[in-house]
file upload.cif (mmCIF, C-alpha atoms and all ligand atoms)
data_final
#
loop_
_atom_site.label_atom_id
_atom_site.label_comp_id
_atom_site.auth_asym_id
_atom_site.auth_seq_id
_atom_site.Cartn_x
_atom_site.Cartn_y
_atom_site.Cartn_z
CA MET A 1 -72.38 -199.53 103.04
CA ASP A 2 -74.18 -197.60 105.80
CA GLU A 3 -74.41 -193.87 105.33
CA LYS A 4 -72.57 -191.93 108.01
CA ILE A 5 -74.81 -189.00 108.75
CA THR A 6 -73.52 -185.68 110.02
CA ARG A 7 -76.07 -183.30 111.47
CA ILE A 8 -76.26 -179.88 113.07
CA VAL A 9 -78.78 -180.96 115.71
CA SER A 10 -79.39 -177.68 117.52
CA SER A 11 -78.00 -174.18 117.97
CA GLU A 12 -78.90 -171.79 120.75
CA THR A 13 -77.67 -168.24 121.31
CA THR A 14 -78.42 -167.15 124.89
CA ASN A 15 -77.34 -164.80 127.67
CA ASN A 16 -77.61 -161.69 125.43
CA GLY A 17 -75.24 -163.21 122.90
CA HIS A 18 -72.60 -164.20 125.47
CA SER A 19 -73.18 -167.92 124.88
CA VAL A 20 -73.67 -170.05 121.81
CA ASP A 21 -74.31 -173.76 122.33
CA VAL A 22 -74.33 -176.09 119.36
CA GLN A 23 -75.00 -179.80 119.25
CA PHE A 24 -73.49 -181.81 116.40
CA GLN A 25 -73.94 -185.43 115.44
CA VAL A 26 -71.15 -187.12 113.51
CA ASN A 27 -71.78 -190.76 112.66
CA ASN A 28 -73.86 -191.47 115.82
CA LYS A 29 -71.54 -189.55 118.11
CA THR A 30 -72.85 -186.40 119.75
CA TYR A 31 -70.71 -183.34 120.45
CA LYS A 32 -71.85 -180.47 122.66
CA ILE A 33 -69.81 -177.45 121.67
CA PHE A 34 -69.89 -174.11 123.42
CA PHE A 35 -68.63 -170.61 122.67
CA ARG A 36 -68.56 -168.01 125.47
CA THR A 37 -67.60 -164.38 125.66
CA SER A 38 -67.89 -161.85 128.44
CA GLY A 39 -67.37 -158.52 126.69
CA ASP A 40 -69.69 -156.05 124.96
CA THR A 41 -69.60 -157.81 121.59
CA ALA A 42 -72.33 -160.40 121.20
CA LEU A 43 -71.95 -163.72 119.42
CA SER A 44 -74.58 -165.02 117.08
CA GLY A 45 -75.00 -168.67 116.11
CA ASN A 46 -75.44 -169.17 112.35
CA LEU A 47 -75.20 -171.85 109.72
CA GLU A 48 -71.93 -170.55 108.23
CA SER A 49 -70.19 -170.91 111.60
CA HIS A 50 -71.61 -174.36 112.28
CA LEU A 51 -70.79 -175.70 108.81
CA ALA A 52 -67.19 -174.47 109.19
CA SER A 53 -67.03 -176.37 112.51
CA VAL A 54 -68.36 -179.68 111.23
CA LEU A 55 -67.21 -179.80 107.60
CA LEU A 56 -63.94 -181.63 108.26
CA PRO A 57 -65.39 -184.27 110.63
CA CYS A 58 -68.03 -184.95 107.96
CA MET A 59 -65.42 -185.19 105.18
CA LYS A 60 -63.28 -187.50 107.27
CA THR A 61 -66.16 -189.90 107.99
CA GLY A 62 -67.10 -190.40 104.34
CA GLY A 63 -68.80 -187.16 103.34
CA GLY A 64 -72.20 -187.41 104.89
CA PRO A 65 -74.92 -186.62 104.04
CA LEU A 66 -74.44 -183.43 106.07
CA ILE A 67 -77.85 -182.27 107.21
CA ALA A 68 -78.06 -178.54 107.81
CA ASN A 69 -81.38 -176.71 107.67
CA GLY A 70 -81.75 -172.98 107.08
CA GLU A 71 -80.37 -170.16 104.97
CA ILE A 72 -76.74 -170.07 104.01
CA SER A 73 -74.77 -167.27 102.36
CA SER A 74 -74.49 -167.91 98.60
CA LYS A 75 -70.88 -166.75 98.57
CA PHE A 76 -69.98 -168.98 101.52
CA ASN A 77 -71.76 -171.91 99.86
CA ALA A 78 -69.69 -171.46 96.67
CA GLY A 79 -66.54 -171.16 98.77
CA LEU A 80 -67.30 -174.43 100.57
CA SER A 81 -67.11 -176.28 97.28
CA LYS A 82 -63.61 -174.92 96.53
CA ILE A 83 -62.47 -175.46 100.12
CA GLN A 84 -63.34 -179.13 99.72
CA ASP A 85 -61.40 -179.32 96.43
CA ILE A 86 -58.34 -178.02 98.28
CA TYR A 87 -58.80 -180.26 101.32
CA CYS A 88 -59.26 -183.35 99.12
CA SER A 89 -56.11 -182.55 97.16
CA TRP A 90 -54.16 -182.27 100.42
CA LYS A 91 -55.56 -185.36 102.15
CA TYR A 92 -56.72 -188.40 100.20
CA SER A 93 -58.57 -189.74 103.25
CA LEU A 94 -61.15 -186.91 102.97
CA HIS A 95 -64.37 -187.13 100.92
CA ARG A 96 -66.53 -184.33 99.58
CA ALA A 97 -69.50 -183.61 101.84
CA GLN A 98 -73.03 -183.90 100.46
CA ILE A 99 -74.54 -180.82 102.08
CA GLY A 100 -78.32 -180.94 101.92
CA SER A 101 -81.26 -178.79 102.97
CA ALA A 102 -79.45 -175.45 103.33
CA THR A 103 -80.85 -172.69 101.09
CA PRO A 104 -78.25 -170.39 99.49
CA THR A 105 -79.24 -166.74 99.81
CA LEU A 106 -77.61 -163.30 99.60
CA LYS A 107 -76.68 -162.25 103.13
CA THR A 108 -75.61 -158.62 103.29
CA ARG A 109 -75.20 -156.63 106.50
CA PRO A 110 -74.50 -152.95 105.86
CA SER A 111 -74.32 -152.36 109.62
CA ALA A 112 -71.19 -154.52 110.03
CA LYS A 113 -68.30 -152.03 110.09
CA ARG A 114 -65.58 -153.26 112.44
CA VAL A 115 -62.30 -154.86 111.36
CA GLY A 116 -60.78 -157.60 113.50
CA THR A 117 -57.68 -159.72 113.56
CA PHE A 118 -57.12 -163.03 115.29
CA PHE A 119 -54.44 -162.38 117.85
CA SER A 120 -52.33 -164.82 119.89
CA GLY A 121 -49.50 -162.50 120.92
CA GLY A 122 -47.06 -164.13 118.46
CA VAL A 123 -44.84 -162.75 115.71
CA ASP A 124 -47.41 -163.18 112.91
CA SER A 125 -50.19 -161.62 115.01
CA PHE A 126 -48.10 -158.56 115.86
CA TYR A 127 -47.02 -158.08 112.26
CA THR A 128 -50.61 -157.97 111.00
CA LEU A 129 -51.72 -155.71 113.87
CA ILE A 130 -48.89 -153.23 113.27
CA LYS A 131 -49.28 -153.31 109.49
CA HIS A 132 -53.01 -152.57 109.68
CA LYS A 133 -53.08 -150.64 112.94
CA GLU A 134 -55.05 -147.74 111.46
CA GLU A 135 -57.76 -150.02 110.11
CA ILE A 136 -58.06 -152.74 112.78
CA THR A 137 -60.58 -151.99 115.53
CA ASP A 138 -60.57 -155.29 117.45
CA LEU A 139 -58.23 -158.07 118.54
CA ILE A 140 -59.83 -161.51 118.81
CA PHE A 141 -58.18 -163.87 121.29
CA VAL A 142 -59.54 -167.42 121.55
CA HIS A 143 -59.15 -169.56 124.67
CA GLY A 144 -59.01 -173.21 123.61
CA PHE A 145 -57.06 -172.53 120.40
CA ASP A 146 -53.48 -173.44 121.40
CA ILE A 147 -53.72 -173.37 125.20
CA GLU A 148 -55.87 -176.12 126.69
CA LEU A 149 -58.93 -174.86 128.55
CA ASP A 150 -57.90 -176.49 131.81
CA ASN A 151 -54.50 -174.75 131.79
CA THR A 152 -56.02 -171.84 133.70
CA ARG A 153 -52.72 -170.49 135.07
CA LEU A 154 -51.22 -169.91 131.65
CA ARG A 155 -54.53 -168.69 130.22
CA GLU A 156 -54.74 -165.99 132.88
CA LYS A 157 -51.14 -164.95 132.30
CA VAL A 158 -51.57 -164.74 128.52
CA SER A 159 -54.95 -163.06 128.79
CA GLY A 160 -53.45 -160.35 131.02
CA LYS A 161 -50.71 -159.63 128.46
CA ILE A 162 -53.17 -159.55 125.55
CA ARG A 163 -55.29 -157.02 127.48
CA GLU A 164 -52.20 -154.82 127.90
CA ILE A 165 -51.47 -155.06 124.17
CA ALA A 166 -55.04 -154.19 123.17
CA SER A 167 -55.08 -151.24 125.53
CA GLY A 168 -51.61 -150.06 124.38
CA PHE A 169 -52.66 -150.11 120.73
CA GLY A 170 -56.05 -148.59 121.54
CA LYS A 171 -58.03 -151.61 120.30
CA ASN A 172 -61.09 -153.37 121.61
CA LEU A 173 -60.38 -156.92 122.82
CA ILE A 174 -62.78 -159.81 122.32
CA GLU A 175 -61.99 -162.96 124.29
CA ILE A 176 -63.84 -166.13 123.33
CA GLU A 177 -63.68 -169.46 125.12
CA THR A 178 -64.61 -172.65 123.28
CA ASN A 179 -64.27 -176.44 123.40
CA ILE A 180 -64.59 -176.81 119.61
CA ARG A 181 -61.36 -178.83 119.45
CA GLU A 182 -63.36 -181.69 121.01
CA LEU A 183 -65.18 -181.88 117.68
CA LEU A 184 -62.20 -181.37 115.35
CA ASP A 185 -59.27 -183.14 117.00
CA PRO A 186 -60.66 -186.72 116.79
CA TYR A 187 -60.92 -186.39 112.98
CA VAL A 188 -58.18 -184.20 111.54
CA PRO A 189 -54.68 -182.96 112.40
CA TRP A 190 -54.83 -179.53 114.00
CA GLY A 191 -51.96 -177.91 112.08
CA ILE A 192 -52.55 -179.16 108.54
CA LEU A 193 -56.34 -178.77 108.62
CA GLY A 194 -58.20 -178.12 111.85
CA HIS A 195 -57.19 -174.66 112.99
CA GLY A 196 -58.29 -172.81 109.83
CA ALA A 197 -61.85 -174.15 110.04
CA PHE A 198 -61.80 -173.34 113.76
CA LEU A 199 -61.00 -169.66 113.05
CA ALA A 200 -63.63 -169.47 110.29
CA SER A 201 -66.23 -170.80 112.70
CA ILE A 202 -65.35 -168.19 115.35
CA GLY A 203 -65.25 -165.41 112.76
CA HIS A 204 -68.77 -166.11 111.56
CA LEU A 205 -70.12 -165.98 115.12
CA LEU A 206 -68.94 -162.35 115.07
CA SER A 207 -70.32 -161.61 111.61
CA PRO A 208 -73.11 -159.28 112.78
CA VAL A 209 -70.53 -156.60 113.68
CA PHE A 210 -67.43 -157.32 111.54
CA ARG A 211 -67.02 -156.56 107.86
CA CYS A 212 -63.50 -158.00 107.73
CA ILE A 213 -61.28 -160.27 109.83
CA TYR A 214 -57.54 -160.75 109.22
CA ILE A 215 -55.94 -164.15 109.62
CA PRO A 216 -52.19 -163.68 110.17
CA ALA A 217 -50.03 -165.84 107.88
CA SER A 218 -47.70 -168.48 109.29
CA MET A 219 -45.60 -168.79 106.13
CA THR A 220 -44.24 -166.73 103.27
CA TYR A 221 -45.16 -167.13 99.60
CA ALA A 222 -41.81 -168.90 99.17
CA THR A 223 -42.41 -171.55 101.82
CA LEU A 224 -46.09 -172.47 101.42
CA PHE A 225 -47.28 -176.00 102.10
CA PRO A 226 -50.67 -177.51 103.09
CA TRP A 227 -51.73 -175.78 106.31
CA GLY A 228 -55.05 -174.98 107.97
CA THR A 229 -54.71 -171.25 107.32
CA HIS A 230 -53.44 -170.57 103.81
CA PRO A 231 -53.66 -167.82 101.19
CA VAL A 232 -55.60 -170.03 98.76
CA LEU A 233 -58.02 -171.12 101.46
CA ASP A 234 -58.91 -168.43 104.00
CA HIS A 235 -60.79 -166.01 101.73
CA LEU A 236 -63.06 -168.87 100.63
CA TRP A 237 -64.68 -168.89 104.09
CA SER A 238 -66.04 -165.36 103.39
CA SER A 239 -69.72 -164.44 103.01
CA GLU A 240 -71.33 -161.42 101.32
CA SER A 241 -70.91 -159.40 104.52
CA LEU A 242 -67.79 -160.83 106.16
CA GLU A 243 -64.43 -161.01 104.40
CA PHE A 244 -61.56 -163.14 105.70
CA ILE A 245 -58.11 -161.96 104.62
CA HIS A 246 -54.99 -164.09 104.93
CA ASP A 247 -52.32 -161.53 105.71
CA GLY A 248 -48.53 -161.31 105.82
CA CYS A 249 -47.17 -163.88 103.34
CA GLU A 250 -44.96 -161.20 101.81
CA ALA A 251 -42.78 -160.90 104.92
CA SER A 252 -40.24 -163.38 106.26
CA ARG A 253 -40.28 -164.13 109.99
CA LEU A 254 -37.05 -162.18 110.34
CA LYS A 255 -38.65 -159.14 108.73
CA LYS A 256 -41.74 -159.47 110.93
CA VAL A 257 -39.61 -159.62 114.07
CA GLY A 258 -37.69 -156.58 112.80
CA LEU A 259 -40.94 -154.62 112.64
CA LEU A 260 -42.10 -155.58 116.11
CA THR A 261 -38.74 -154.63 117.69
CA GLU A 262 -39.81 -151.02 117.02
CA TYR A 263 -42.53 -151.48 119.65
CA ASP A 264 -41.51 -151.89 123.32
CA LEU A 265 -44.98 -153.18 124.14
CA ALA A 266 -44.47 -156.02 121.66
CA LEU A 267 -41.08 -156.88 123.19
CA LYS A 268 -42.67 -156.99 126.64
CA SER A 269 -45.53 -159.27 125.61
CA LEU A 270 -44.37 -161.43 122.68
CA ARG A 271 -45.53 -165.05 123.03
CA VAL A 272 -44.26 -167.68 120.61
CA CYS A 273 -43.89 -170.91 122.59
CA TRP A 274 -46.27 -173.73 121.69
CA LYS A 275 -45.22 -175.96 124.56
CA ASN A 276 -47.77 -174.20 126.74
CA SER A 277 -46.67 -175.65 130.03
CA GLU A 278 -48.39 -174.32 133.14
CA VAL A 279 -45.40 -172.34 134.27
CA ASP A 280 -43.65 -170.83 131.25
CA TYR A 281 -44.85 -167.94 129.10
CA ASN A 282 -42.05 -168.75 126.60
CA CYS A 283 -39.96 -171.78 127.66
CA GLY A 284 -36.80 -170.39 125.98
CA ILE A 285 -35.45 -173.82 124.99
CA CYS A 286 -37.82 -175.26 122.38
CA GLU A 287 -37.05 -174.91 118.67
CA LYS A 288 -39.57 -172.10 118.16
CA CYS A 289 -38.44 -170.09 121.18
CA LEU A 290 -34.76 -170.40 120.20
CA ARG A 291 -35.48 -169.55 116.58
CA THR A 292 -37.38 -166.42 117.63
CA MET A 293 -34.66 -165.42 120.09
CA ILE A 294 -32.16 -165.60 117.22
CA ASN A 295 -34.54 -163.47 115.08
CA LEU A 296 -34.51 -160.93 117.92
CA LYS A 297 -30.71 -161.03 118.20
CA VAL A 298 -30.32 -160.44 114.46
CA ASN A 299 -32.70 -157.47 114.77
CA HIS A 300 -30.95 -156.14 117.93
CA GLY A 301 -34.11 -156.58 120.02
CA MET A 302 -33.19 -159.49 122.29
CA ASP A 303 -31.81 -157.30 125.12
CA ARG A 304 -35.12 -155.43 125.33
CA CYS A 305 -37.35 -158.51 125.10
CA THR A 306 -38.52 -159.61 128.55
CA THR A 307 -40.81 -162.53 127.81
CA PHE A 308 -38.47 -165.52 127.65
CA ASP A 309 -38.24 -167.51 130.87
CA ARG A 310 -34.62 -168.60 130.35
CA GLU A 311 -31.42 -166.91 129.22
CA PHE A 312 -30.41 -167.49 125.60
CA ASP A 313 -28.23 -170.63 125.58
CA LEU A 314 -25.84 -171.05 122.66
CA LYS A 315 -25.34 -174.75 123.44
CA GLN A 316 -29.06 -175.37 122.92
CA VAL A 317 -28.90 -173.81 119.43
CA SER A 318 -26.50 -176.42 118.08
CA LYS A 319 -28.83 -179.13 119.44
CA ILE A 320 -32.00 -177.82 117.77
CA VAL A 321 -33.80 -180.58 115.88
CA ILE A 322 -34.64 -179.21 112.43
CA ASN A 323 -37.13 -181.78 111.19
CA SER A 324 -38.92 -180.11 108.28
CA PRO A 325 -38.03 -178.09 105.15
CA ALA A 326 -39.96 -175.11 106.60
CA LYS A 327 -37.95 -175.08 109.83
CA HIS A 328 -34.76 -175.52 107.79
CA ALA A 329 -35.65 -172.43 105.71
CA LEU A 330 -36.39 -170.38 108.85
CA MET A 331 -33.07 -171.30 110.46
CA LEU A 332 -31.14 -170.72 107.24
CA GLU A 333 -32.66 -167.25 107.06
CA ASN A 334 -31.17 -166.49 110.48
CA LEU A 335 -27.75 -167.80 109.48
CA ARG A 336 -27.67 -165.82 106.21
CA ALA A 337 -28.59 -162.62 108.06
CA LEU A 338 -25.82 -163.12 110.62
CA GLU A 339 -23.29 -163.88 107.85
CA GLU A 340 -24.32 -160.70 106.06
CA GLN A 341 -23.98 -158.64 109.23
CA GLN A 342 -20.65 -160.41 109.95
CA THR A 343 -21.65 -160.59 113.62
CA ASP A 344 -21.84 -163.22 116.36
CA ARG A 345 -19.57 -165.87 114.87
CA LYS A 346 -20.24 -168.27 117.76
CA LEU A 347 -23.96 -168.19 116.99
CA GLN A 348 -23.22 -168.69 113.28
CA LYS A 349 -21.16 -171.77 114.16
CA ALA A 350 -23.93 -173.21 116.36
CA LEU A 351 -26.51 -172.63 113.63
CA ARG A 352 -24.31 -174.33 111.02
CA LYS A 353 -23.93 -177.31 113.33
CA ALA A 354 -27.70 -177.62 113.72
CA LEU A 355 -28.34 -177.14 109.98
CA ASN A 356 -25.64 -179.60 108.89
CA ARG A 357 -26.53 -182.41 111.25
CA PRO A 358 -26.30 -185.70 109.27
CA GLU A 359 -29.55 -187.32 108.14
CA TRP A 360 -29.02 -190.44 110.32
CA LYS A 361 -28.62 -188.20 113.39
CA LYS A 362 -31.81 -186.32 112.51
CA LYS A 363 -33.70 -189.62 112.25
CA PHE A 364 -32.23 -190.77 115.56
CA ASP A 365 -33.21 -187.47 117.24
CA ARG A 366 -36.75 -187.69 115.84
CA ARG A 367 -37.19 -191.26 117.15
CA LEU A 368 -35.72 -190.35 120.52
CA LYS A 369 -38.04 -187.36 120.78
CA SER A 370 -41.15 -189.42 119.96
CA LEU A 371 -40.03 -192.14 122.40
CA ILE A 372 -39.64 -189.56 125.21
CA LYS A 373 -43.05 -188.12 124.30
CA SER A 374 -44.79 -191.51 124.48
CA ILE A 375 -43.07 -192.36 127.80
CA LYS A 376 -44.20 -189.01 129.22
CA LYS A 377 -47.74 -189.74 128.05
CA ARG A 378 -47.79 -193.14 129.76
CA CYS A 379 -46.11 -191.94 132.96
CA PRO A 380 -47.30 -188.34 133.47
ZN ZN B 1 -40.72 -172.66 123.88
#

call {"tool": "encode", "arguments": {"input": "upload.cif", "output": "structure tokens", "more": "lines below"}}
Ligand SMILES: [Zn+2]
result
Amino acid sequence: MDEKITRIVSSETTNNGHSVDVQFQVNNKTYKIFFRTSGDTALSGNLESHLASVLLPCMKTGGGPLIANGEISSKFNAGLSKIQDIYCSWKYSLHRAQIGSATPTLKTRPSAKRVGTFFSGGVDSFYTLIKHKEEITDLIFVHGFDIELDNTRLREKVSGKIREIASGFGKNLIEIETNIRELLDPYVPWGILGHGAFLASIGHLLSPVFRCIYIPASMTYATLFPWGTHPVLDHLWSSESLEFIHDGCEASRLKKVGLLTEYDLALKSLRVCWKNSEVDYNCGICEKCLRTMINLKVNHGMDRCTTFDREFDLKQVSKIVINSPAKHALMLENLRALEEQQTDRKLQKALRKALNRPEWKKKFDRRLKSLIKSIKKRCP
């Protein structure tokens, strides 16, 4: 069988650290990946960042050899081995990468002092920012993470809000634009695997100035499942000088929303919708928007929240498609809280209807949804 070679072909940091261009080769295909920033904080291309970018494509195409020349942090190198153990246990189609040529070495940087957090404007981001607001110096917002690069209207809208948040909390904001999903998306699913490696890659580009970067948790300790950012995984991307911390698994989404309702700025800028249409900041009708609106209602913050583009619609709640155990747990949490408060009986009833929908109806809804999606794709 032919070996499928993966290679970091070239890496160039230019424009006073405002641009990093990396060329990767994965099984004869070439990918030109860029990272751009416009602020005061420079980026710096390095092997840790590039290996985080290309590890999963290499594992998906048979494991290499992965050719990477240069020095690599010893701690990061040890972490890569465990990361691959975890990835392989989650996805049988992945193979361990044979990483050659890189020389493990101690990489310490006493000058790196700042503490960052990845920040999207969502519930998890706000929770970590508020929890560590004394320690965090920088918010890191990445264009090309969940909003497509060509969706410039929404990007500008979101970017404006994130600037307001950073200024309101007295934090420096770093905005980075990248097309790295062009390398990851053809090989691995974004949610289960891709986005964690993506964040690790960005984090290492900032390693000359950061000693620590928080990665806000999506789940609680009670609801963990394989996911690109994960408490067993994220810290393994660390080097001697840069520590990644997965943060917030102790708090339920309801508790997180409760904390952010204490901050008007959060209620005026919260962004949770993953539909990312050109026109809506939060569509107000998707499962995630509705779920968060209920969280806000339970925490008496909905009336002060100004970021949903439609009024809360009770009828839509009973129609929510709950298609995973995690979403079921999140909705049940809302219902239990309302029952305990003995408030909003109509909302309780709508939630029960959504939660108790028969299995055949769920299957039908799922098929209908995927059919509509494929028709929309064919006839945009
Ligand atoms: Zn939405």

call {"tool": "closest_residue", "arguments": {"input": "upload.cif", "among": "A:Asn28, A:Ser318, A:Asn299, A:Ser207", "to": "Ser241 (chain A)", "atoms": "only C-alpha atoms"}}
result
A:Ser207

call {"tool": "residues_near_ligand", "arguments": {"input": "upload.cif", "ligand": "ligand ZN 1 (chain B)", "cutoff": "9 Å", "atoms": "only C-alpha atoms and all ligand atoms", "output": "PDB file with C-alpha atoms, keeping the file's coordinate frame"}}
result
ATOM      1  CA  VAL A 272     -44.260-167.680 120.610  1.00  0.00           C
ATOM      2  CA  CYS A 273     -43.890-170.910 122.590  1.00  0.00           C
ATOM      3  CA  TRP A 274     -46.270-173.730 121.690  1.00  0.00           C
ATOM      4  CA  LYS A 275     -45.220-175.960 124.560  1.00  0.00           C
ATOM      5  CA  ASN A 276     -47.770-174.200 126.740  1.00  0.00           C
ATOM      6  CA  ASP A 280     -43.650-170.830 131.250  1.00  0.00           C
ATOM      7  CA  TYR A 281     -44.850-167.940 129.100  1.00  0.00           C
ATOM      8  CA  ASN A 282     -42.050-168.750 126.600  1.00  0.00           C
ATOM      9  CA  CYS A 283     -39.960-171.780 127.660  1.00  0.00           C
ATOM     10  CA  GLY A 284     -36.800-170.390 125.980  1.00  0.00           C
ATOM     11  CA  ILE A 285     -35.450-173.820 124.990  1.00  0.00           C
ATOM     12  CA  CYS A 286     -37.820-175.260 122.380  1.00  0.00           C
ATOM     13  CA  GLU A 287     -37.050-174.910 118.670  1.00  0.00           C
ATOM     14  CA  LYS A 288     -39.570-172.100 118.160  1.00  0.00           C
ATOM     15  CA  CYS A 289     -38.440-170.090 121.180  1.00  0.00           C
ATOM     16  CA  LEU A 290     -34.760-170.400 120.200  1.00  0.00           C
ATOM     17  CA  PHE A 308     -38.470-165.520 127.650  1.00  0.00           C
TER      18      PHE A 308
END

call {"tool": "closest_residue", "arguments": {"input": "upload.cif", "among": "A:Leu368, A:Val142, A:Met331, A:Ile294", "to": "Ile202 (chain A)", "atoms": "all atoms listed in the file"}}
result
A:Val142

call {"tool": "atom_distance", "arguments": {"input": "upload.cif", "atom1": "CA of Ala329 (chain A)", "atom2": "CA of Lys255 (chain A)"}}
result
14.0 Å

call {"tool": "atom_distance", "arguments": {"input": "upload.cif", "atom1": "CA of Ser239 (chain A)", "atom2": "CA of Gln25 (chain A)"}}
result
24.8 Å

call {"tool": "closest_residue", "arguments": {"input": "upload.cif", "among": "A:Lys353, A:Lys256, A:Arg211, A:Lys4", "to": "Ser111 (chain A)", "atoms": "all atoms listed in the file"}}
result
A:Arg211

call {"tool": "residues_around", "arguments": {"input": "upload.cif", "residues": "Gly70 (chain A)", "least_positions_apart": "2", "cutoff": "8 Å", "atoms": "only C-alpha atoms", "output": "number ranges by chain"}}
result
A: 47, 68, 72, 101-103

call {"tool": "build_atoms", "arguments": {"input": "upload.cif", "residues": "region 148-154 of chain A", "atoms": "all heavy atoms", "output": "CSV table (one decimal), in the coordinates of the input"}}
result
chain,number,residue,atom,x,y,z
A,148,GLU,N,-54.7,-175.3,126.3
A,148,GLU,CA,-55.9,-176.1,126.7
A,148,GLU,C,-56.7,-175.4,127.7
A,148,GLU,O,-56.2,-174.6,128.6
A,148,GLU,CB,-55.4,-177.4,127.3
A,148,GLU,CG,-54.8,-178.3,126.2
A,148,GLU,CD,-54.3,-179.6,126.7
A,148,GLU,OE1,-54.4,-179.9,127.9
A,148,GLU,OE2,-53.7,-180.4,125.9
A,149,LEU,N,-58.0,-175.6,127.7
A,149,LEU,CA,-58.9,-174.9,128.6
A,149,LEU,C,-58.6,-175.1,130.0
A,149,LEU,O,-58.8,-174.2,130.8
A,149,LEU,CB,-60.4,-175.2,128.3
A,149,LEU,CG,-61.0,-174.7,126.9
A,149,LEU,CD1,-62.4,-175.2,126.8
A,149,LEU,CD2,-60.9,-173.2,126.9
A,150,ASP,N,-58.2,-176.3,130.4
A,150,ASP,CA,-57.9,-176.5,131.8
A,150,ASP,C,-56.6,-175.9,132.3
A,150,ASP,O,-56.2,-176.0,133.5
A,150,ASP,CB,-58.1,-178.0,132.2
A,150,ASP,CG,-57.1,-178.9,131.4
A,150,ASP,OD1,-56.3,-178.3,130.6
A,150,ASP,OD2,-57.2,-180.1,131.5
A,151,ASN,N,-55.8,-175.4,131.4
A,151,ASN,CA,-54.5,-174.8,131.8
A,151,ASN,C,-54.8,-173.3,132.2
A,151,ASN,O,-54.4,-172.3,131.5
A,151,ASN,CB,-53.5,-174.8,130.6
A,151,ASN,CG,-52.1,-174.4,131.0
A,151,ASN,OD1,-51.9,-173.9,132.1
A,151,ASN,ND2,-51.1,-174.6,130.2
A,152,THR,N,-55.5,-173.2,133.3
A,152,THR,CA,-56.0,-171.8,133.7
A,152,THR,C,-54.9,-170.9,134.1
A,152,THR,O,-55.0,-169.7,133.8
A,152,THR,CB,-57.0,-171.9,134.9
A,152,THR,OG1,-56.4,-172.8,135.9
A,152,THR,CG2,-58.3,-172.5,134.4
A,153,ARG,N,-53.8,-171.4,134.7
A,153,ARG,CA,-52.7,-170.5,135.1
A,153,ARG,C,-52.1,-169.8,133.9
A,153,ARG,O,-52.0,-168.5,133.9
A,153,ARG,CB,-51.6,-171.3,135.8
A,153,ARG,CG,-51.7,-171.2,137.3
A,153,ARG,CD,-50.7,-172.1,137.9
A,153,ARG,NE,-49.3,-171.5,137.9
A,153,ARG,CZ,-48.3,-172.1,138.4
A,153,ARG,NH1,-48.3,-173.3,138.9
A,153,ARG,NH2,-47.1,-171.5,138.4
A,154,LEU,N,-51.8,-170.5,132.8
A,154,LEU,CA,-51.2,-169.9,131.6
A,154,LEU,C,-52.2,-169.0,130.9
A,154,LEU,O,-51.9,-167.9,130.4
A,154,LEU,CB,-50.7,-171.0,130.7
A,154,LEU,CG,-50.0,-170.4,129.5
A,154,LEU,CD1,-48.7,-169.6,129.8
A,154,LEU,CD2,-49.5,-171.6,128.5
